[in-house]
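**Q** Provided below: start_23.tsv, containing TSV, C-alpha atoms.
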```
chain	number	residue	atom	x	y	z
A	907	MET	CA	-0.23	-4.54	8.84
A	908	ASN	CA	0.74	-6.70	11.74
A	909	PRO	CA	4.01	-5.45	13.31
A	910	LEU	CA	4.91	-8.98	14.41
A	911	ARG	CA	5.18	-10.69	11.01
A	912	TRP	CA	8.20	-12.88	10.39
A	913	ASP	CA	9.76	-10.54	7.85
A	914	VAL	CA	9.40	-7.60	10.25
A	915	LEU	CA	10.91	-9.55	13.12
A	916	GLY	CA	13.79	-10.72	10.93
A	917	ALA	CA	14.58	-7.18	9.79
A	918	ALA	CA	14.24	-5.92	13.37
A	919	LEU	CA	16.70	-8.56	14.52
A	920	LEU	CA	19.18	-7.42	11.88
A	921	PHE	CA	18.80	-3.82	13.05
A	922	ALA	CA	19.06	-4.89	16.70
A	923	LEU	CA	22.26	-6.93	16.33
A	924	PRO	CA	24.64	-3.94	16.57
A	925	VAL	CA	22.72	-2.61	19.58
A	926	LEU	CA	22.84	-5.98	21.31
A	927	LEU	CA	26.53	-6.42	20.53
A	928	MET	CA	27.33	-2.95	21.88
A	929	GLY	CA	25.41	-3.87	25.03
A	930	ALA	CA	27.34	-7.11	25.35
A	931	GLN	CA	30.61	-5.28	24.77
A	932	GLY	CA	29.82	-2.75	27.48
A	933	SER	CA	29.56	0.35	25.30
A	934	LEU	CA	25.84	0.64	26.13
A	935	ASP	CA	24.23	-0.10	29.47
A	936	VAL	CA	21.01	-2.08	29.86
A	937	ASP	CA	18.80	1.04	29.95
A	938	GLU	CA	20.19	2.32	26.64
A	939	VAL	CA	19.83	-1.09	24.99
A	940	THR	CA	16.22	-1.48	26.08
A	941	ALA	CA	15.45	2.09	24.97
A	942	ARG	CA	16.83	1.43	21.48
A	943	LEU	CA	15.24	-1.96	20.81
A	944	PRO	CA	11.72	-0.59	20.06
A	945	TRP	CA	13.31	1.70	17.47
A	946	CYS	CA	14.85	-1.38	15.86
A	947	LEU	CA	11.37	-2.95	15.67
A	948	LEU	CA	10.00	0.23	14.10
A	949	ALA	CA	12.87	0.34	11.60
A	950	GLY	CA	12.23	-3.30	10.69
A	951	TRP	CA	8.53	-2.57	10.16
A	952	VAL	CA	9.29	0.45	7.95
A	953	ALA	CA	11.89	-1.42	5.90
A	954	SER	CA	9.59	-4.40	5.43
A	955	SER	CA	6.65	-2.19	4.45
A	956	LEU	CA	8.72	-0.29	1.92
A	957	LEU	CA	10.04	-3.49	0.38
A	958	ARG	CA	6.55	-4.98	0.18
A	959	ALA	CA	5.21	-1.82	-1.44
A	960	ALA	CA	8.09	-1.68	-3.91
A	961	PHE	CA	7.90	-5.31	-5.02
A	962	SER	CA	4.17	-5.99	-4.92
A	963	PRO	CA	2.43	-6.02	-8.30
A	964	ARG	CA	0.36	-2.96	-9.04
A	965	PRO	CA	-3.35	-3.55	-9.52
A	966	SER	CA	-4.54	-3.07	-13.06
A	967	ALA	CA	-7.13	-0.44	-13.85
A	968	ALA	CA	-10.67	-1.65	-13.40
A	969	ARG	CA	-12.53	-2.01	-16.65
A	970	ARG	CA	-15.91	-0.46	-17.12
A	971	PRO	CA	-18.69	-2.92	-17.83
A	972	ALA	CA	-19.84	-2.96	-21.43
A	973	ALA	CA	-22.92	-0.90	-22.18
A	974	ARG	CA	-26.07	-2.88	-22.91
A	975	GLY	CA	-27.34	-0.47	-25.52
A	976	ARG	CA	-25.68	1.91	-27.90
A	977	VAL	CA	-26.38	5.52	-28.68
A	978	THR	CA	-26.78	6.46	-32.30
A	979	ALA	CA	-24.98	9.59	-33.35
A	980	ASP	CA	-27.75	11.06	-35.49
A	981	ALA	CA	-30.78	10.70	-33.21
A	982	GLY	CA	-29.16	10.56	-29.80
A	983	HIS	CA	-31.58	7.80	-28.74
A	984	GLU	CA	-30.54	4.58	-27.14
A	985	THR	CA	-31.22	1.39	-29.03
A	986	THR	CA	-30.82	-2.16	-27.82
A	987	ASP	CA	-28.96	-4.91	-29.62
A	988	SER	CA	-31.63	-7.62	-29.74
```
Written as structure tokens, that's how I'd like the structure from this file.

**A**
Amino acid sequence: MNPLRWDVLGAALLFALPVLLMGAQGSLDVDEVTARLPWCLLAGWVASSLLRAAFSPRPSAARRPAARGRVTADAGHETTDS
């Protein structure tokens, strides 16, 4: 999965908003903000992957192809339906 999809970047932005606001407020310095931003991208990727996995339709079980011939119970030999 590409870590730079739009849904991942949107979720990462939501996770990064408090970090950016704390940096703008002065609670965090620039080094702390830049150290925490990759974790916001990772959290956005994880959240997006979990949501995609939870809401994607499950694949149905693959059906076996129909047998061309049938086995008779009494003789155990295969006969064809021609």

**Q** Produce the centre coordinates and the three edge lengths, each in Å to one decimal, of the box along x, y and z that contains all listed atoms of segment 917-920 of chain A with 6 Å added on each side, as JSON.

**A**
```
{"center_x": 16.7, "center_y": -7.2, "center_z": 12.2, "size_x": 16.9, "size_y": 14.6, "size_z": 16.7}
```

**Q** Just give me the gap between atom CA of Trp912 of chain A and atom CA of Arg964 of chain A in Å, one decimal is fine.

**A**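 Atom CA of Arg964 of chain A lies 23.2 Å from atom CA of Trp912 of chain A.
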
**Q** Find the residues around segment 946-949 of chain A up to 8 Å (only C-alpha atoms counted), leave out those fewer than 5 positions away in its own chain, and share them as a ChimeraX atom specification.

**A** /A:914-915,917-919,921-922

**Q** I need the residues from that last selection saved to file as a PDB file, keeping the file's coordinate frame (with C-alpha atoms), if you can.

**A**
```pdb
ATOM      1  CA  VAL A 914       9.400  -7.600  10.250  1.00  0.00           C
ATOM      2  CA  LEU A 915      10.910  -9.550  13.120  1.00  0.00           C
ATOM      3  CA  ALA A 917      14.580  -7.180   9.790  1.00  0.00           C
ATOM      4  CA  ALA A 918      14.240  -5.920  13.370  1.00  0.00           C
ATOM      5  CA  LEU A 919      16.700  -8.560  14.520  1.00  0.00           C
ATOM      6  CA  PHE A 921      18.800  -3.820  13.050  1.00  0.00           C
ATOM      7  CA  ALA A 922      19.060  -4.890  16.700  1.00  0.00           C
TER       8      ALA A 922
END
```

**Q** To one decimal place in Å, what is the distance between atom CA of Leu920 of chain A and atom CA of Val939 of chain A?

**A**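 So the two atoms, atom CA of Leu920 of chain A and atom CA of Val939 of chain A, lie 14.6 Å apart.
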
**Q** Between atom CA of Val936 of chain A and atom CA of Ser954 of chain A, what is the spacing in Å?

**A**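 If I compute the distance from atom CA of Ser954 of chain A to atom CA of Val936 of chain A, I get 27.1 Å.
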